$ cat coords-v6.cif   # mmCIF, C-alpha atoms (C1' of nucleotides)
data_entry
loop_
_atom_site.label_atom_id
_atom_site.label_comp_id
_atom_site.auth_asym_id
_atom_site.auth_seq_id
_atom_site.Cartn_x
_atom_site.Cartn_y
_atom_site.Cartn_z
CA MET A 1 41.31 -17.55 -58.46
CA SER A 2 43.92 -18.68 -55.99
CA LEU A 3 41.86 -20.78 -53.65
CA PRO A 4 43.02 -24.11 -55.11
CA HIS A 5 46.64 -23.07 -54.66
CA ALA A 6 46.01 -21.95 -51.11
CA LEU A 7 44.57 -25.38 -50.35
CA LEU A 8 47.44 -27.18 -52.04
CA GLY A 9 49.88 -25.11 -50.03
CA LEU A 10 48.22 -25.82 -46.73
CA LEU A 11 48.01 -29.54 -47.49
CA ALA A 12 51.63 -29.58 -48.62
CA VAL A 13 52.73 -28.54 -45.15
CA ARG A 14 50.70 -31.38 -43.64
CA PRO A 15 47.51 -33.32 -44.41
CA ARG A 16 44.30 -31.82 -43.04
CA SER A 17 40.55 -32.24 -43.13
CA GLY A 18 38.22 -29.71 -44.70
CA TYR A 19 37.33 -28.55 -41.23
CA GLU A 20 40.95 -27.90 -40.31
CA LEU A 21 41.47 -26.05 -43.57
CA THR A 22 38.47 -23.88 -42.75
CA LYS A 23 40.04 -23.05 -39.39
CA ALA A 24 43.28 -22.09 -41.09
CA PHE A 25 41.42 -19.53 -43.17
CA GLU A 26 39.96 -18.02 -40.02
CA GLY A 27 43.46 -17.22 -38.74
CA ASP A 28 46.25 -15.08 -40.12
CA LEU A 29 45.88 -16.56 -43.57
CA GLY A 30 42.35 -15.26 -43.98
CA ARG A 31 43.21 -12.02 -42.27
CA TYR A 32 46.13 -10.95 -44.41
CA ALA A 33 46.18 -13.06 -47.52
CA TRP A 34 43.06 -14.80 -48.69
CA GLN A 35 39.75 -15.55 -47.07
CA ALA A 36 37.39 -18.39 -47.81
CA GLY A 37 34.57 -20.11 -46.01
CA HIS A 38 33.80 -23.80 -45.75
CA THR A 39 31.16 -23.42 -48.43
CA SER A 40 33.84 -22.79 -51.00
CA ILE A 41 36.50 -25.02 -49.49
CA TYR A 42 34.60 -28.31 -49.56
CA PRO A 43 33.56 -28.12 -53.20
CA GLU A 44 37.07 -27.03 -54.15
CA LEU A 45 38.57 -30.05 -52.37
CA GLY A 46 36.25 -32.21 -54.44
CA ARG A 47 37.46 -30.58 -57.64
CA LEU A 48 41.12 -30.94 -56.64
CA ALA A 49 40.55 -34.61 -55.87
CA GLU A 50 38.91 -35.12 -59.27
CA GLN A 51 41.95 -33.56 -60.91
CA GLY A 52 44.23 -35.83 -58.93
CA LEU A 53 46.00 -32.99 -57.15
CA VAL A 54 44.92 -34.14 -53.70
CA GLU A 55 43.60 -37.40 -52.31
CA VAL A 56 41.70 -38.64 -49.31
CA MET A 57 44.35 -40.06 -47.07
CA HIS A 58 42.23 -41.11 -44.15
CA GLU A 59 38.57 -41.22 -43.14
CA GLY A 60 37.98 -40.56 -39.48
CA ALA A 61 35.18 -40.06 -37.00
CA ARG A 62 32.10 -37.96 -37.81
CA GLY A 63 32.62 -38.47 -41.52
CA SER A 64 35.83 -36.50 -41.57
CA ARG A 65 38.16 -36.89 -44.50
CA THR A 66 41.82 -36.04 -44.24
CA TYR A 67 43.31 -34.88 -47.51
CA ALA A 68 46.94 -34.98 -48.64
CA VAL A 69 48.58 -33.55 -51.76
CA THR A 70 49.64 -35.98 -54.42
CA GLU A 71 52.91 -35.74 -56.33
CA THR A 72 51.02 -34.04 -59.16
CA GLY A 73 49.57 -31.56 -56.70
CA ARG A 74 52.97 -30.77 -55.29
CA ASP A 75 54.33 -30.14 -58.77
CA GLU A 76 51.46 -27.83 -59.56
CA LEU A 77 52.01 -25.87 -56.36
CA ARG A 78 55.72 -25.57 -56.96
CA THR A 79 55.21 -24.39 -60.52
CA TRP A 80 52.75 -21.77 -59.37
CA LEU A 81 54.92 -20.48 -56.55
CA LEU A 82 58.03 -20.31 -58.70
CA SER A 83 56.32 -18.59 -61.62
CA PRO A 84 56.31 -14.80 -61.63
CA PRO A 85 53.09 -13.27 -60.29
CA GLY A 86 51.97 -11.59 -63.50
CA ARG A 87 49.35 -8.88 -63.86
CA GLY A 88 46.42 -11.14 -62.99
CA ALA A 89 47.20 -10.65 -59.31
CA ARG A 90 43.87 -9.85 -57.71
CA VAL A 91 43.92 -7.36 -54.89
CA ARG A 92 41.04 -6.57 -52.64
CA ASN A 93 41.61 -4.82 -49.38
CA GLU A 94 39.01 -2.64 -47.79
CA GLN A 95 41.49 -1.15 -45.33
CA VAL A 96 43.76 0.08 -48.06
CA LEU A 97 40.79 1.36 -50.03
CA ARG A 98 39.82 3.49 -47.06
CA MET A 99 43.30 5.01 -47.02
CA PHE A 100 43.13 5.83 -50.70
CA LEU A 101 39.79 7.57 -50.23
CA LEU A 102 41.00 9.72 -47.37
CA SER A 103 41.60 12.48 -49.93
CA ALA A 104 37.85 12.79 -50.27
CA LEU A 105 37.39 13.88 -46.66
CA ASP A 106 38.01 17.32 -45.25
CA PRO A 107 41.18 17.67 -43.13
CA ALA A 108 39.44 17.36 -39.77
CA ASP A 109 37.75 14.08 -40.69
CA ALA A 110 40.90 12.76 -42.34
CA ARG A 111 42.80 13.50 -39.17
CA ALA A 112 40.32 11.50 -37.10
CA VAL A 113 40.61 8.49 -39.39
CA LEU A 114 44.40 8.66 -39.47
CA GLU A 115 44.56 8.86 -35.71
CA ARG A 116 42.41 5.77 -35.40
CA ILE A 117 44.62 3.94 -37.88
CA ALA A 118 47.77 4.96 -36.02
CA ALA A 119 46.37 3.76 -32.72
CA GLY A 120 45.02 0.52 -34.16
CA THR A 121 48.21 -0.47 -35.94
CA ALA A 122 50.32 0.35 -32.89
CA HIS A 123 48.14 -1.95 -30.83
CA GLU A 124 48.25 -4.82 -33.33
CA ALA A 125 51.99 -4.49 -33.80
CA ALA A 126 52.59 -4.60 -30.06
CA GLU A 127 50.53 -7.76 -29.81
CA LEU A 128 52.39 -9.50 -32.61
CA ARG A 129 55.71 -8.40 -31.18
CA GLN A 130 54.86 -9.97 -27.86
CA ILE A 131 53.81 -13.23 -29.47
CA ARG A 132 57.02 -13.29 -31.47
CA ASP A 133 59.22 -12.65 -28.45
CA GLU A 134 57.52 -15.39 -26.49
CA ALA A 135 57.88 -17.89 -29.33
CA GLY A 136 61.67 -17.68 -29.41
CA PRO A 137 63.91 -18.03 -32.45
CA VAL A 138 62.61 -19.16 -35.81
CA ARG A 139 63.37 -22.74 -36.66
CA PRO A 140 62.25 -25.04 -39.44
CA GLY A 141 60.22 -28.04 -38.53
CA PRO A 142 57.14 -30.07 -39.41
CA ASP A 143 55.05 -26.89 -39.30
CA GLY A 144 57.21 -25.18 -41.87
CA PHE A 145 58.34 -21.62 -41.41
CA GLY A 146 54.97 -20.50 -40.09
CA GLN A 147 56.56 -17.62 -38.27
CA LEU A 148 57.39 -15.99 -41.59
CA ALA A 149 53.75 -15.01 -41.83
CA ALA A 150 53.63 -13.51 -38.35
CA GLU A 151 56.75 -11.47 -39.02
CA TYR A 152 55.22 -10.30 -42.26
CA GLY A 153 52.10 -9.13 -40.44
CA LEU A 154 54.17 -7.31 -37.86
CA ARG A 155 56.22 -5.42 -40.42
CA GLN A 156 53.04 -4.60 -42.28
CA TYR A 157 51.47 -3.00 -39.22
CA GLU A 158 54.64 -1.10 -38.45
CA ALA A 159 54.73 0.27 -41.98
CA VAL A 160 51.11 1.39 -41.90
CA HIS A 161 51.67 2.95 -38.50
CA GLY A 162 54.63 4.94 -39.79
CA TRP A 163 52.65 6.01 -42.80
CA ALA A 164 49.73 7.24 -40.69
CA LEU A 165 52.05 9.32 -38.53
CA TRP A 166 53.68 10.75 -41.64
CA ALA A 167 50.29 11.57 -43.14
CA LEU A 168 49.24 13.36 -39.96
CA ALA A 169 52.41 15.43 -40.13
CA GLN A 170 51.57 16.34 -43.72
CA LEU A 171 48.15 17.54 -42.62
CA ASP A 172 49.75 19.67 -39.93
CA ALA A 173 52.18 21.16 -42.37
CA ALA A 174 49.44 21.96 -44.86
CA GLU A 175 47.37 23.63 -42.18
CA THR A 176 50.25 25.71 -40.92
CA ALA A 177 51.05 26.89 -44.43
CA GLU A 178 47.43 27.73 -45.16
CA PRO A 179 45.75 28.31 -41.80
CA ALA A 180 41.98 28.39 -41.41
CA HIS A 181 41.57 27.62 -45.08
CA ARG A 182 38.44 29.35 -46.40
CA MET B 183 31.31 -5.07 -51.22
CA SER B 184 33.17 -1.76 -51.32
CA LEU B 185 32.87 -0.86 -54.98
CA PRO B 186 30.08 1.69 -54.45
CA HIS B 187 32.17 3.43 -51.80
CA ALA B 188 35.22 3.43 -54.01
CA LEU B 189 33.17 5.13 -56.72
CA LEU B 190 31.72 7.66 -54.30
CA GLY B 191 35.20 8.45 -53.06
CA LEU B 192 36.61 8.99 -56.53
CA LEU B 193 33.68 11.16 -57.52
CA ALA B 194 33.94 13.13 -54.29
CA VAL B 195 37.42 14.27 -55.27
CA ARG B 196 36.10 15.42 -58.63
CA PRO B 197 33.37 14.47 -61.12
CA ARG B 198 34.30 11.86 -63.69
CA SER B 199 32.85 9.72 -66.42
CA GLY B 200 32.58 5.96 -66.21
CA TYR B 201 35.52 5.75 -68.53
CA GLU B 202 37.70 7.92 -66.31
CA LEU B 203 36.69 5.87 -63.29
CA THR B 204 37.71 2.74 -65.13
CA LYS B 205 41.11 4.29 -65.79
CA ALA B 206 41.48 5.12 -62.11
CA PHE B 207 41.04 1.45 -61.24
CA GLU B 208 43.79 0.55 -63.67
CA GLY B 209 46.27 2.66 -61.71
CA ASP B 210 47.47 2.52 -58.11
CA LEU B 211 43.97 2.14 -56.79
CA GLY B 212 43.41 -1.15 -58.56
CA ARG B 213 46.95 -2.24 -57.85
CA TYR B 214 46.97 -1.86 -54.11
CA ALA B 215 43.43 -1.42 -52.92
CA TRP B 216 40.54 -2.59 -55.02
CA GLN B 217 40.21 -3.64 -58.63
CA ALA B 218 37.17 -3.43 -60.86
CA GLY B 219 36.55 -3.46 -64.58
CA HIS B 220 34.21 -1.31 -66.60
CA THR B 221 31.68 -4.14 -66.69
CA SER B 222 31.06 -3.73 -62.99
CA ILE B 223 31.56 0.02 -62.84
CA TYR B 224 28.86 1.07 -65.31
CA PRO B 225 26.05 -0.97 -63.74
CA GLU B 226 27.13 0.20 -60.29
CA LEU B 227 26.97 3.84 -61.40
CA GLY B 228 23.42 3.19 -62.53
CA ARG B 229 22.53 1.75 -59.13
CA LEU B 230 24.12 4.67 -57.29
CA ALA B 231 22.21 7.12 -59.47
CA GLU B 232 18.96 5.30 -58.72
CA GLN B 233 19.67 5.62 -55.02
CA GLY B 234 20.37 9.31 -55.44
CA LEU B 235 23.98 9.05 -54.26
CA VAL B 236 25.39 10.31 -57.55
CA GLU B 237 23.92 12.19 -60.48
CA VAL B 238 24.74 12.82 -64.10
CA MET B 239 26.28 16.25 -64.11
CA HIS B 240 27.05 16.57 -67.78
CA GLU B 241 26.61 14.66 -71.01
CA GLY B 242 29.46 15.03 -73.42
CA ALA B 243 30.66 13.79 -76.75
CA ARG B 244 30.47 10.10 -77.68
CA GLY B 245 27.64 9.50 -75.24
CA SER B 246 29.81 10.17 -72.24
CA ARG B 247 28.17 10.97 -68.91
CA THR B 248 30.04 12.80 -66.19
CA TYR B 249 28.87 11.84 -62.73
CA ALA B 250 29.11 13.86 -59.51
CA VAL B 251 28.27 12.87 -55.94
CA THR B 252 25.15 14.38 -54.43
CA GLU B 253 24.96 15.66 -50.86
CA THR B 254 23.42 12.32 -49.85
CA GLY B 255 26.28 10.50 -51.49
CA ARG B 256 28.84 12.60 -49.69
CA ASP B 257 27.15 11.87 -46.37
CA GLU B 258 27.15 8.16 -47.08
CA LEU B 259 30.84 8.22 -47.97
CA ARG B 260 31.73 10.18 -44.85
CA THR B 261 29.73 7.85 -42.62
CA TRP B 262 31.46 4.83 -44.13
CA LEU B 263 34.96 6.28 -43.86
CA LEU B 264 34.46 7.41 -40.27
CA SER B 265 32.90 4.15 -39.10
CA PRO B 266 35.29 1.51 -37.75
CA PRO B 267 36.26 -1.15 -40.30
CA GLY B 268 34.68 -4.13 -38.55
CA ARG B 269 35.36 -7.78 -39.21
CA GLY B 270 33.67 -7.86 -42.60
CA ALA B 271 36.85 -6.49 -44.12
CA ARG B 272 37.51 -8.66 -47.12
CA VAL B 273 41.12 -9.32 -47.96
CA ARG B 274 42.34 -10.92 -51.09
CA ASN B 275 45.93 -10.58 -52.12
CA GLU B 276 47.66 -13.16 -54.22
CA GLN B 277 51.11 -11.76 -53.48
CA VAL B 278 50.66 -12.15 -49.76
CA LEU B 279 49.18 -15.59 -50.24
CA ARG B 280 52.33 -16.63 -52.04
CA MET B 281 54.42 -15.51 -49.08
CA PHE B 282 52.27 -17.48 -46.67
CA LEU B 283 52.69 -20.60 -48.74
CA LEU B 284 56.46 -20.34 -48.92
CA SER B 285 56.59 -22.77 -46.01
CA ALA B 286 55.39 -25.46 -48.38
CA LEU B 287 58.53 -25.23 -50.54
CA ASP B 288 61.87 -26.74 -49.78
CA PRO B 289 64.55 -24.25 -48.68
CA ALA B 290 66.24 -23.94 -52.08
CA ASP B 291 62.99 -23.06 -53.84
CA ALA B 292 61.92 -20.76 -51.02
CA ARG B 293 65.23 -18.95 -51.32
CA ALA B 294 64.71 -18.38 -55.02
CA VAL B 295 61.26 -16.93 -54.46
CA LEU B 296 62.45 -14.70 -51.64
CA GLU B 297 65.31 -13.40 -53.71
CA ARG B 298 62.94 -12.52 -56.51
CA ILE B 299 60.67 -10.72 -54.05
CA ALA B 300 63.58 -8.80 -52.57
CA ALA B 301 64.77 -7.69 -55.99
CA GLY B 302 61.29 -6.80 -57.20
CA THR B 303 60.34 -4.73 -54.17
CA ALA B 304 63.68 -2.91 -54.23
CA HIS B 305 63.03 -1.97 -57.84
CA GLU B 306 59.47 -0.79 -57.24
CA ALA B 307 60.46 1.18 -54.15
CA ALA B 308 63.25 2.94 -56.03
CA GLU B 309 60.82 3.91 -58.75
CA LEU B 310 58.27 5.32 -56.34
CA ARG B 311 60.99 7.14 -54.45
CA GLN B 312 62.12 8.84 -57.60
CA ILE B 313 58.58 9.89 -58.51
CA ARG B 314 58.10 11.26 -55.02
CA ASP B 315 61.32 13.25 -55.05
CA GLU B 316 60.49 14.76 -58.41
CA ALA B 317 56.98 15.73 -57.30
CA GLY B 318 58.19 17.91 -54.45
CA PRO B 319 56.46 18.53 -51.13
CA VAL B 320 52.95 17.30 -50.45
CA ARG B 321 50.29 19.95 -50.63
CA PRO B 322 46.52 19.90 -50.61
CA GLY B 323 44.69 21.01 -53.68
CA PRO B 324 41.93 20.18 -56.11
CA ASP B 325 43.35 16.68 -56.49
CA GLY B 326 43.20 16.01 -52.78
CA PHE B 327 46.10 14.39 -51.01
CA GLY B 328 46.77 11.94 -53.80
CA GLN B 329 50.36 11.58 -52.76
CA LEU B 330 49.26 9.81 -49.60
CA ALA B 331 48.61 6.75 -51.72
CA ALA B 332 52.03 6.84 -53.36
CA GLU B 333 53.77 7.16 -50.02
CA TYR B 334 51.71 4.26 -48.74
CA GLY B 335 52.83 2.12 -51.67
CA LEU B 336 56.44 3.07 -51.12
CA ARG B 337 56.41 2.17 -47.45
CA GLN B 338 54.64 -1.05 -48.30
CA TYR B 339 57.37 -2.08 -50.72
CA GLU B 340 60.08 -1.13 -48.27
CA ALA B 341 58.45 -3.25 -45.59
CA VAL B 342 58.14 -6.28 -47.84
CA HIS B 343 61.73 -5.82 -48.96
CA GLY B 344 62.93 -5.78 -45.37
CA TRP B 345 60.85 -8.84 -44.60
CA ALA B 346 62.27 -10.79 -47.54
CA LEU B 347 65.84 -10.02 -46.46
CA TRP B 348 65.00 -11.09 -42.94
CA ALA B 349 63.42 -14.30 -44.16
CA LEU B 350 66.52 -15.10 -46.23
CA ALA B 351 68.64 -14.60 -43.13
CA GLN B 352 66.40 -17.03 -41.26
CA LEU B 353 66.92 -19.61 -43.97
CA ASP B 354 70.66 -19.15 -43.71
CA ALA B 355 70.58 -19.52 -39.96
CA ALA B 356 68.49 -22.68 -40.17
CA GLU B 357 70.86 -24.19 -42.70
CA THR B 358 73.94 -23.41 -40.65
CA ALA B 359 72.37 -24.98 -37.60
CA GLU B 360 71.36 -28.10 -39.50
CA PRO B 361 73.67 -28.33 -42.51
CA ALA B 362 72.94 -30.59 -45.49
CA HIS B 363 69.66 -31.61 -43.93
CA ARG B 364 68.75 -35.23 -44.83
"C1'" DT C 365 40.20 12.97 -97.21
"C1'" DC C 366 41.15 8.83 -95.09
"C1'" DT C 367 42.60 5.87 -91.50
"C1'" DC C 368 43.45 4.64 -87.02
"C1'" DC C 369 43.01 4.72 -82.29
"C1'" DA C 370 41.70 6.17 -77.92
"C1'" DC C 371 37.39 7.38 -76.23
"C1'" DG C 372 33.08 5.72 -74.38
"C1'" DT C 373 29.32 2.57 -73.13
"C1'" DG C 374 27.05 -1.58 -73.12
"C1'" DT C 375 25.20 -6.95 -72.96
"C1'" DC C 376 25.50 -11.60 -71.56
"C1'" DA C 377 26.87 -16.19 -70.23
"C1'" DA C 378 29.83 -18.44 -67.16
"C1'" DT C 379 31.98 -18.53 -62.87
"C1'" DA C 380 32.93 -17.42 -58.01
"C1'" DC C 381 31.40 -16.42 -53.61
"C1'" DT C 382 28.53 -15.51 -49.55
"C1'" DG C 383 24.97 -16.35 -46.11
"C1'" DA C 384 21.28 -18.92 -44.62
"C1'" DC C 385 19.82 -23.23 -43.76
"C1'" DA C 386 20.39 -28.19 -42.77
"C1'" DT C 387 22.12 -32.45 -40.51
"C1'" DG C 388 24.44 -35.60 -37.83
"C1'" DT C 389 28.19 -37.20 -34.09
"C1'" DG C 390 31.79 -38.05 -30.42
"C1'" DG C 391 33.26 -36.83 -26.08
"C1'" DA C 392 33.65 -34.01 -21.85
"C1'" DG C 393 31.56 -32.90 -17.75
"C1'" DA C 394 27.40 -32.41 -14.75
"C1'" DT D 395 22.88 -40.99 -18.18
"C1'" DC D 396 22.04 -36.70 -20.13
"C1'" DT D 397 23.18 -32.39 -22.17
"C1'" DC D 398 25.84 -29.43 -24.67
"C1'" DC D 399 29.16 -28.05 -27.84
"C1'" DA D 400 32.82 -28.37 -30.96
"C1'" DC D 401 33.52 -31.29 -34.68
"C1'" DA D 402 32.36 -32.17 -39.51
"C1'" DT D 403 30.18 -31.80 -43.96
"C1'" DG D 404 26.86 -30.39 -47.00
"C1'" DT D 405 22.99 -27.75 -50.21
"C1'" DC D 406 21.16 -23.86 -52.42
"C1'" DA D 407 19.48 -19.39 -53.76
"C1'" DG D 408 21.04 -14.91 -54.45
"C1'" DT D 409 24.64 -11.86 -55.59
"C1'" DA D 410 29.10 -10.30 -57.38
"C1'" DT D 411 32.54 -10.55 -60.83
"C1'" DT D 412 34.89 -11.69 -64.92
"C1'" DG D 413 35.81 -12.27 -69.88
"C1'" DA D 414 34.23 -12.30 -74.35
"C1'" DC D 415 31.80 -9.92 -77.54
"C1'" DA D 416 29.68 -5.73 -79.51
"C1'" DC D 417 29.06 -1.08 -81.28
"C1'" DG D 418 29.58 3.69 -82.32
"C1'" DT D 419 32.53 8.37 -82.46
"C1'" DG D 420 35.75 12.46 -82.43
"C1'" DG D 421 40.09 14.01 -83.55
"C1'" DA D 422 45.02 13.70 -84.82
"C1'" DG D 423 48.03 12.98 -88.36
"C1'" DA D 424 49.32 11.00 -92.97
#
$ encode --input "coords-v6.cif" --output "structure tokens"
Amino acid sequence: MSLPHALLGLLAVRPRSGYELTKAFEGDLGRYAWQAGHTSIYPELGRLAEQGLVEVMHEGARGSRTYAVTETGRDELRTWLLSPPGRGARVRNEQVLRMFLLSALDPADARAVLERIAAGTAHEAAELRQIRDEAGPVRPGPDGFGQLAAEYGLRQYEAVHGWALWALAQLDAAETAEPAHR
Amino acid sequence: MSLPHALLGLLAVRPRSGYELTKAFEGDLGRYAWQAGHTSIYPELGRLAEQGLVEVMHEGARGSRTYAVTETGRDELRTWLLSPPGRGARVRNEQVLRMFLLSALDPADARAVLERIAAGTAHEAAELRQIRDEAGPVRPGPDGFGQLAAEYGLRQYEAVHGWALWALAQLDAAETAEPAHR
DNA sequence: TCTCCACGTGTCAATACTGACATGTGGAGA
DNA sequence: TCTCCACATGTCAGTATTGACACGTGGAGA
């Protein structure tokens, strides 16, 4: 369960309210890395506060509470990030699962799915590339190296795109070698 | 929740027992796509059987039951694979989360983590490459296109490797521009 | 023959997570 | 002034998942 570490990490970059944290999970973070809704975030913040890893830094309008990591929390985060991942690494990705199960479809159906993947990833990659080019060079700052994540997403899409094209070529080759199978 | 579809997909390639399915989740499938233990697989098989999506095809030694997909099950799987992913796509990946949170570390720590990632992915990619080259050309068969998954993993590792090297270069550039920060 | 281990399936309590429901507020703009 | 909406936090029942525990068996090799 990595949610507490995700929260510590986000708060280590800068203090935020539960609401802002929820928003963060709706963006790239939730899309590529780890998703969570406010119904799990708020209770988790409470637990982290109890453990002294975060603290309420400021209470604002509409009952909002801005949390910040404590020194203890920062130590915990650092220890976690610097420790090797280990086998407990949970992975859950429906997209990837679909790719693994492609073998269960007949070639015509598999081709359709692969073509959709190729088109989709090309589109997403183009979008990210444009955002990157508009943003200019990477530079450190109060927001941290947030662009690392965007670049990661871009390379991810490019890799999947390349794979889909390769897989389509494999299908072609198999069909040529064994035409009108059955 | 994609577990039922994962099971249908595995059984669509060939009939298996709950035990064999469990083993499948311990391999590449569980590593990259979706993990599940036997304690969730057995009950789920029961549910799928109740719904008529799979059936016990054979009862063997030691109380083993070999399941096969029914026609209904195959239809359900096909419908799911051919339908667009949608927004409900759950993603949970501790590795990727760690990369997103790198921004929360100071440059020296971030560098250490990135170097470990670069080394690790290079190692994994080399291993997969060797397996691929020994296996020879991709061809369809009773096992389906299982090599699609391996190639996917390989390209994934290569992409992450490239990203880590790029990120390290960004750190260097930032440090040169703003040496001995603070 | 005996032992060990992979094979094979299961229960159950504790925990994690989602989705539906609930409630109130500050500020922008009509 | 009024309305609307994003802001902001919360509960709770139902479901999914994990980890610990449990139990029995066939076959390979000593």
$ residues_around --input "coords-v6.cif" --residues "DA400 of chain D" --least-positions-apart "5" --cutoff "12 Å" --atoms "all atoms listed in the file" --output "list of chain:residue names"
A:Tyr19, A:Arg62, C:DT389, C:DG390, C:DG391, C:DA392
$ closest_residue --input "coords-v6.cif" --among "A:Glu94, A:Glu124, A:Glu71, A:Glu44" --to "chain C" --atoms "all atoms listed in the file"
A:Glu44
$ resolve_selection --input "coords-v6.cif" --expression "the PyMOL selection byres ((chain A) within 8 of (chain B))" --output "PyMOL selection string"
chain A and resi 2+6+9-10+12-13+29-35+78+81-82+85+89-105+109+112-113+138-140+144-146+148-149+151-152+155-156+159-160+163+167+170+174
$ resolve_selection --input "coords-v6.cif" --expression "the PyMOL selection byres ((chain D and resi 407-410) around 8)" --output "PyMOL selection string"
(chain C and resi 381) or (chain D and resi 406+411)
$ resolve_selection --input "coords-v6.cif" --expression "the PyMOL selection byres ((chain D) within 12 of (chain B))" --output "list in words"
DT409, DA410, DT411, DT412, DG413, DA414, DC417, DG418, DT419, DG420 and DG421 of chain D
$ residues_around --input "coords-v6.cif" --residues "DA424 of chain D" --least-positions-apart "6" --cutoff "12 Å" --atoms "all atoms listed in the file" --output "PDB file with C-alpha atoms (C1' of nucleotides), in the frame of the given file"
ATOM      1  C1'  DT C 365      40.200  12.970 -97.210  1.00  0.00           C
ATOM      2  C1'  DC C 366      41.150   8.830 -95.090  1.00  0.00           C
ATOM      3  C1'  DT C 367      42.600   5.870 -91.500  1.00  0.00           C
ATOM      4  C1'  DC C 368      43.450   4.640 -87.020  1.00  0.00           C
TER       5       DC C 368
END
$ atom_distance --input "coords-v6.cif" --atom1 "atom CA of Tyr249 of chain B" --atom2 "atom CA of Val236 of chain B"
6.4 Å
$ interface_residues --input "coords-v6.cif" --of "chain C" --to "chain B" --cutoff "12 Å" --atoms "all atoms listed in the file" --output "ChimeraX atom specification"
/C:370-376,381-382
$ axis_aligned_box --input "coords-v6.cif" --around "segment 10-20 of chain A" --padding-each-side "4 Å" --output "JSON"
{"center_x": 45.0, "center_y": -29.6, "center_z": -44.5, "size_x": 23.4, "size_y": 15.5, "size_z": 16.3}
$ atom_distance --input "coords-v6.cif" --atom1 "atom CA of Glu50 of chain A" --atom2 "atom CA of Thr70 of chain A"
11.8 Å
$ atom_distance --input "coords-v6.cif" --atom1 "atom CA of Glu134 of chain A" --atom2 "atom CA of Lys23 of chain A"
23.0 Å
$ closest_residue --input "coords-v6.cif" --among "B:Glu297, B:Glu241, B:Glu258, B:Glu208" --to "Leu350 of chain B" --atoms "all atoms listed in the file"
B:Glu297
$ residues_near_point --input "coords-v6.cif" --point "(25.9, -25.2, -43.3)" --cutoff "7 Å" --atoms "only C-alpha atoms (C1' of nucleotides)" --output "ChimeraX atom specification"
/C:385-386 /D:404
$ decode --input "coords-v6.cif" --residues "segment 107-124 of chain A" --atoms "C-alpha atoms" --output "compact mmCIF listing (two decimals), in the first residue's frame"
# COMPACT_ATOMS: atom_id res chain seq x y z
CA PRO A 107 -5.73 -12.68 -35.80
CA ALA A 108 -8.39 -10.44 -37.31
CA ASP A 109 -9.63 -9.25 -33.92
CA ALA A 110 -6.10 -8.90 -32.59
CA ARG A 111 -5.26 -6.74 -35.57
CA ALA A 112 -8.19 -4.44 -34.84
CA VAL A 113 -7.14 -3.98 -31.23
CA LEU A 114 -3.51 -3.38 -32.14
CA GLU A 115 -4.49 -0.79 -34.71
CA ARG A 116 -6.56 1.05 -32.14
CA ILE A 117 -3.65 0.97 -29.70
CA ALA A 118 -1.24 2.25 -32.33
CA ALA A 119 -3.54 5.13 -33.21
CA GLY A 120 -4.29 5.99 -29.60
CA THR A 121 -0.69 6.04 -28.44
CA ALA A 122 0.38 8.10 -31.45
CA HIS A 123 -2.25 10.67 -30.57
CA GLU A 124 -1.31 10.83 -26.88
